Structures are given as C-alpha cells and as structure tokens.
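> Please see the structure below; I have some questions.
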Amino acid sequence: MKLQMVDLLGQYKKIKNEIDKAVMDVMESSAYINGPKVHEFQANLEKYLGVKHVIPVANGTDALQIALMGLGLKPGDEVIVPAFTYVATAEVIALLGLTPVMVDVDPDTYNLTGDIFEKAISSKTKAVVPVHLFGQTADMEEIIKIAKKHNIAVVEDNAQAIGSVYTFSDGTKKQAGTIGDIGTTSFFPAKNLGAFGDAGAIFTNDDDLAGKMRMIANHGQSKRYYHDRIGVNSRLDSIQAAILDVKLKYLDDYANARRKAADYYNQAFSEIAEIQIPVRSINSTHVFHQYTLRIKNGKRDELNKYLNSKEIPNNIYYPVPLYEQEAFSHLAGAVEFLPVTDMLCKEVISLPIHTEMTEEIQNIIIDAVKSFF
Ligand SMILES: *Cc1c(COP(=O)(O)O)cnc(C)c1O
C-alpha cells in the first residue's frame, strides 16, 4: 500500500468521468482564457461562500498581492502578519515595498488573536493579514473589532481553510475568507479545493474594491486597450475553472472525510502524553487542511527521522520562523524572536490527511507513531 500526504490520483479517479468531460468541453469550446466556465465557477463559488464578488486569479500568491495592491497601500505602510505561516503571506507584503510586521500566534490554534494584533498596531499600520492556518478560521470577530477601531484593512489569507465556517457571538455564521475586507485563497492541487495546476481567487463584498482588484488582475485595464493603472496579468485558466467547478460540489464531503480521519487519529493519539493533538477553536469549524501534532518532549526531529526510515510520509509545516529566513532578516519591521512561533517550529509535525483516507491506512501510520513512543 502506497502511503502519501495527499492522494490526488485517488480523488481524481472517483470523479474521473465528470472531470474528463468538463476538460474536454473546454478543449472543444476553444475558450481557453476567460471562457464561460470561468464565469460559471465564479458564480457558483460566490453562491457557496455567500460573498458578493469572487475574482478568479492565477494562484494564491497573486491573490494576496492583488488584494494588497487594491487597498492602495504605500511603501513604508505596515502590514501585520503572523510569523508562523507559509512564506507567500509575508513575501507579497515585502515585494510591494510595504513593511511586514511579524507577530506571534496562539499556541493552541496557531492563529493570530485579537490581543496579539492589537499590541502590534502603530501609527503606520494600514492592514493585517490573518492566516486561517491548517484549516480553521482565526478569531475574526475580535480581529475585525480592533481593525475597525484603528481603521485597518483586513485581508484574510484563506489558502488553507476554504469551507471553514466561523460563528460570531450573536450566532451569525460566515465562511472563512468572507469576513474581512478581502479574502484570498489558493487552488494549488494539494489545497482543500485543488485544481490540476496553479489557480487562486479573491473574495470581497465591497463593490469598489472588487472593481479595483479586477482591473489590477487584468493589466490595470478599464476597457480593452485602455489602462488606468499599473496592474499584473493574473488569470484563472478555463480548464482549471472547469475542474474546480466539478470539485466545488464535493468540497463539503471532502471536509467531512478529512474531519473523520482527524477524529480517528485523535482517538489514537490522545492517550500519548508527549503528543498534543490538534486543538479545535470554539468558534470555527475545522476543515483539516493539515493534521498537525505537537511533540512536547523535544523529540520531534527524532520522530520525523523515525517515520522517514519507516517510509511513513510526514512533513514539518513550518520548520523556520519567517523572521529567521534570510529573505526577511534585514527588513524594516523584522523581529528577532517570537516564543510561540519558535516553539511551534520545533514541535509540530503533520501526518497524512486527505479525502481518500481509510482506517487501514491510518492504522499503519498510527502504529508507526505509537511504536516510536
Ligand atoms: C498555499 C498558500 C499560499 C500560496 O498559494 P499559491 O497558490 O501556492 O500561490 C499562500 N498562503 C498560504 C497560507 C498557503 O498555504
């Protein structure tokens, strides 16, 4: 039996007929760029998320970049960003000449909190980018409240939590990525809603921002060959849109399969004292983009080596705090040390989780982890 972090082939095989037909239809239509499929997927995703505007783009990194460009930030403006995230979140901030102000995260949910955010605000703070890490939504009610008070824009990096639902204290529910001013996502193949190549999208309920970001994604063009501003070329291919439109129908089933696998792991690992199983946030559902354990006895690297030697797939998301990366170390706004981020980079390890998990597969992984302890 072949073990892998994600089983993209197994997932494809289950819906192969539908996917193949959708792709062939685009091939036959020859509408490869900006075809009807892109608009159909956009409309279906708007409906699923309950958001006014979905702007399809080429990947999740572009989505973040275009979101920050849409806000009209100026070089030197500060953008607050967690240091425990994928590099793209902070990279686009630096790329635009903005100052990434790196902050710590909650030790249980690994997400930004209102307290951490508020302490990092200065007179130059213009935006905050909470990341819904590993599949659950950050505490958006608190973050939004503080952002409003200080007139700070909120861009949710929702590359890892599409389909996660956040519940406000008054019972209102919203989809992750639709709560702040702008949300962004990635449809990288291994993400929860994965294309068969690169793809991404931006979400907003703000008509004005939507217009700006659509224009930026399309060479700053207002009408054909008239360019109002400097933009980029970032489009979602029609073939990817057709694939995503098929897979969107299964997104909730996929999340359920991931949650079921996570529950099965939890049962097995909760009895091991050295392991901290994933802590579920009280106001967000979890779509388990990753199933991430904390190894509390200082033996994370040993476990990693042990599992590798037994050919049990595992990964460390993320091994190095962003402020220790060479690319960021000399930037204005750089911090030297954040204790929770530092601890997480030393303690976390992610095990295989995907939509095609079986108890048989999980038992092999569980037995290997147990035999280490
Ligand atoms: C995957 C990811 C991105 C980037 O998405 P791409 O489509 O690979 O450009 C950004 N932020 C986070 C948190 C991610 O996991």
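Chain identifiers are assigned as A, B, and so on, following the order in which chains appear in the structure tokens; residues are numbered from 1 within each chain, and ligands are numbered from 1 in order of appearance.
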Step by step, measure atom-to-atom distances between ligand 1 and each residue using only C-alpha atoms and all ligand atoms, keep those at most 7 Å, then write them as a PyMOL selection string.
chain A and resi 59-62+85-86+88-89+131+133+157-160+185-188+198-200
> Could those selected residues go to a file with N, CA, C and O atoms, as a compact mmCIF listing (two decimals), in the first residue's frame?

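Result written to part_22.txt:
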# COMPACT_ATOMS: atom_id res chain seq x y z
N ASN A 59 -3.12 32.28 -9.02
CA ASN A 59 -2.65 31.48 -7.88
C ASN A 59 -2.91 32.25 -6.59
O ASN A 59 -3.29 33.43 -6.62
N GLY A 60 -2.66 31.60 -5.46
CA GLY A 60 -2.95 32.21 -4.17
C GLY A 60 -2.00 33.34 -3.80
O GLY A 60 -2.39 34.26 -3.06
N THR A 61 -0.77 33.28 -4.29
CA THR A 61 0.20 34.35 -4.02
C THR A 61 -0.22 35.62 -4.76
O THR A 61 -0.21 36.71 -4.19
N ASP A 62 -0.60 35.48 -6.03
CA ASP A 62 -1.12 36.64 -6.79
C ASP A 62 -2.34 37.21 -6.09
O ASP A 62 -2.52 38.43 -6.05
N THR A 85 3.55 30.96 9.25
CA THR A 85 2.71 30.78 8.06
C THR A 85 3.61 30.41 6.89
O THR A 85 4.84 30.40 7.02
N TYR A 86 2.97 30.12 5.77
CA TYR A 86 3.72 29.90 4.53
C TYR A 86 4.31 31.23 4.07
O TYR A 86 3.71 32.28 4.28
N ALA A 88 4.49 32.90 1.42
CA ALA A 88 3.78 33.78 0.48
C ALA A 88 3.08 34.94 1.19
O ALA A 88 3.04 36.06 0.67
N THR A 89 2.52 34.66 2.37
CA THR A 89 1.74 35.68 3.09
C THR A 89 2.57 36.94 3.33
O THR A 89 2.10 38.06 3.14
N VAL A 131 -4.07 34.60 8.97
CA VAL A 131 -4.00 33.39 8.15
C VAL A 131 -4.84 32.32 8.85
O VAL A 131 -4.66 32.10 10.06
N LEU A 133 -4.84 29.13 9.53
CA LEU A 133 -3.84 28.09 9.33
C LEU A 133 -4.37 26.67 9.55
O LEU A 133 -5.08 26.42 10.52
N ASP A 157 -5.94 35.53 4.65
CA ASP A 157 -5.28 34.53 3.81
C ASP A 157 -5.97 33.20 4.09
O ASP A 157 -5.69 32.52 5.07
N ASN A 158 -6.88 32.85 3.19
CA ASN A 158 -7.70 31.65 3.40
C ASN A 158 -7.26 30.50 2.48
O ASN A 158 -8.07 29.69 2.04
N ALA A 159 -5.97 30.45 2.18
CA ALA A 159 -5.47 29.39 1.30
C ALA A 159 -5.68 27.99 1.90
O ALA A 159 -5.74 27.01 1.17
N GLN A 160 -5.79 27.92 3.24
CA GLN A 160 -5.83 26.60 3.87
C GLN A 160 -7.18 26.26 4.50
O GLN A 160 -7.32 25.18 5.08
N THR A 185 -7.63 33.04 -1.63
CA THR A 185 -7.40 31.60 -1.49
C THR A 185 -6.52 31.08 -2.61
O THR A 185 -6.25 31.78 -3.60
N SER A 186 -6.06 29.85 -2.41
CA SER A 186 -5.24 29.15 -3.39
C SER A 186 -5.94 27.86 -3.77
O SER A 186 -6.50 27.18 -2.91
N PHE A 187 -5.92 27.54 -5.06
CA PHE A 187 -6.42 26.23 -5.51
C PHE A 187 -5.26 25.34 -5.96
O PHE A 187 -5.42 24.51 -6.85
N PHE A 188 -4.08 25.54 -5.38
CA PHE A 188 -2.94 24.64 -5.59
C PHE A 188 -3.46 23.20 -5.40
O PHE A 188 -4.32 22.96 -4.55
N ASP A 198 -1.86 25.47 -11.12
CA ASP A 198 -1.97 26.66 -10.26
C ASP A 198 -3.29 27.38 -10.50
O ASP A 198 -3.77 27.48 -11.64
N ALA A 199 -3.85 27.91 -9.44
CA ALA A 199 -5.08 28.70 -9.52
C ALA A 199 -5.33 29.36 -8.17
O ALA A 199 -4.82 28.91 -7.15
N GLY A 200 -6.12 30.43 -8.18
CA GLY A 200 -6.44 31.12 -6.93
C GLY A 200 -7.64 32.03 -7.10
O GLY A 200 -8.21 32.12 -8.21
> Between range 159-182 of chain A and range 264-286 of chain A, at 9 Å or less, what are the per-residue closest atom pairs and their distances in Å? Count only C-alpha atoms, order by chain and rising residue number, and return it as a tab-separated table.

residue	atom	partner	partner_atom	distance
A:Ala161	CA	A:His286	CA	7.7
A:Gly163	CA	A:Thr285	CA	8.6
A:Ser164	CA	A:Thr285	CA	5.3
A:Val165	CA	A:Thr285	CA	5.4
A:Tyr166	CA	A:Ser284	CA	4.4
A:Thr167	CA	A:Asn283	CA	5.2
A:Phe168	CA	A:Asn283	CA	7.1
A:Ser169	CA	A:Asn283	CA	8.3
A:Ala176	CA	A:Ser284	CA	8.8
> Excluding Gly10 in chain A and its own-chain neighbours fewer than 2 positions away, which residues fall within 10 Å of it when counting only C-alpha atoms? Please give them as a VMD selection string.
chain A and resid 6 to 8 12 to 16 354 to 357
> Please compute the CA of Val92 in chain A-CA of Tyr317 in chain A distance, one decimal, in Å.
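That distance, rounded to one decimal, is 19.4 Å.
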> What lies within 6 Å of Val128 in chain A using only C-alpha atoms, ignoring chain neighbours under 4 positions off, as a list in words?
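The contact residues come out as Val79, Ile80 and Val154 of chain A.
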> So that I can check the surroundings of Asp77 in chain A, please list as a ChimeraX atom specification every protein, DNA and RNA residue that reaches within 10 Å of it, counting only C-alpha atoms and ignoring chain neighbours fewer than 6 positions away.
/A:93,97-101,123-127
> Tell me which protein, DNA and RNA residues are within 6 Å of Gly231 in chain A, counting only C-alpha atoms, leaving out same-chain ones fewer than 5 positions away, and put them as a PyMOL selection string.
chain A and resi 216+219-220
> When you draw a straight line from CA of Asp208 in chain A to CA of Lys173 in chain A, how long is it in Å?
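Distance reported for this atom pair: 24.2 Å.
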> So that I can check the surroundings of range 335-340 of chain A, please list as an mmCIF file with N, CA, C and O atoms, in the first residue's frame every protein, DNA and RNA residue that reaches within 9 Å of it, counting only C-alpha atoms and ignoring chain neighbours fewer than 5 positions away.

data_model
loop_
_atom_site.group_PDB
_atom_site.id
_atom_site.type_symbol
_atom_site.label_atom_id
_atom_site.label_comp_id
_atom_site.auth_asym_id
_atom_site.auth_seq_id
_atom_site.Cartn_x
_atom_site.Cartn_y
_atom_site.Cartn_z
ATOM 1 N N ALA A 83 4.083 35.237 11.978
ATOM 2 C CA ALA A 83 5.376 34.702 11.530
ATOM 3 C C ALA A 83 5.315 33.194 11.320
ATOM 4 O O ALA A 83 6.237 32.603 10.768
ATOM 5 N N PHE A 84 4.215 32.575 11.787
ATOM 6 C CA PHE A 84 4.066 31.126 11.606
ATOM 7 C C PHE A 84 3.053 30.904 10.486
ATOM 8 O O PHE A 84 1.860 30.723 10.706
ATOM 9 N N VAL A 101 5.113 43.446 9.511
ATOM 10 C CA VAL A 101 5.368 43.433 10.960
ATOM 11 C C VAL A 101 4.942 42.061 11.468
ATOM 12 O O VAL A 101 3.754 41.747 11.535
ATOM 13 N N MET A 102 5.946 41.241 11.762
ATOM 14 C CA MET A 102 5.650 39.849 12.104
ATOM 15 C C MET A 102 5.253 39.714 13.564
ATOM 16 O O MET A 102 5.881 40.285 14.446
ATOM 17 N N VAL A 103 4.200 38.945 13.784
ATOM 18 C CA VAL A 103 3.703 38.757 15.149
ATOM 19 C C VAL A 103 3.523 37.271 15.451
ATOM 20 O O VAL A 103 3.535 36.423 14.544
ATOM 21 N N ASP A 104 3.356 36.983 16.734
ATOM 22 C CA ASP A 104 3.228 35.609 17.203
ATOM 23 C C ASP A 104 1.798 35.096 16.990
ATOM 24 O O ASP A 104 0.929 35.833 16.510
ATOM 25 N N VAL A 105 1.574 33.852 17.350
ATOM 26 C CA VAL A 105 0.260 33.235 17.183
ATOM 27 C C VAL A 105 -0.161 32.560 18.492
ATOM 28 O O VAL A 105 0.642 32.422 19.417
ATOM 29 N N ASP A 106 -1.407 32.124 18.521
ATOM 30 C CA ASP A 106 -1.932 31.408 19.677
ATOM 31 C C ASP A 106 -1.315 29.998 19.738
ATOM 32 O O ASP A 106 -1.268 29.316 18.718
ATOM 33 N N PRO A 107 -0.845 29.556 20.909
ATOM 34 C CA PRO A 107 -0.168 28.259 20.976
ATOM 35 C C PRO A 107 -1.102 27.070 20.736
ATOM 36 O O PRO A 107 -0.637 25.969 20.424
ATOM 37 N N TYR A 110 -2.741 28.075 16.680
ATOM 38 C CA TYR A 110 -1.681 28.508 15.752
ATOM 39 C C TYR A 110 -2.112 29.721 14.923
ATOM 40 O O TYR A 110 -1.489 30.027 13.899
ATOM 41 N N PRO A 321 10.843 29.940 11.541
ATOM 42 C CA PRO A 321 10.016 31.156 11.642
ATOM 43 C C PRO A 321 10.377 32.123 10.516
ATOM 44 O O PRO A 321 11.548 32.209 10.122
ATOM 45 N N TYR A 323 10.818 35.204 10.444
ATOM 46 C CA TYR A 323 11.820 36.241 10.759
ATOM 47 C C TYR A 323 13.242 35.673 10.747
ATOM 48 O O TYR A 323 14.200 36.419 10.751
ATOM 49 N N GLU A 324 13.367 34.348 10.741
ATOM 50 C CA GLU A 324 14.714 33.756 10.652
ATOM 51 C C GLU A 324 15.110 33.442 9.212
ATOM 52 O O GLU A 324 16.226 33.011 8.945
ATOM 53 N N SER A 329 15.347 38.714 7.041
ATOM 54 C CA SER A 329 16.072 39.029 8.278
ATOM 55 C C SER A 329 16.524 40.482 8.358
ATOM 56 O O SER A 329 16.712 40.997 9.444
ATOM 57 N N CYS A 345 7.711 25.849 15.564
ATOM 58 C CA CYS A 345 8.635 25.400 14.517
ATOM 59 C C CYS A 345 9.473 24.206 15.001
ATOM 60 O O CYS A 345 9.908 23.390 14.186
#
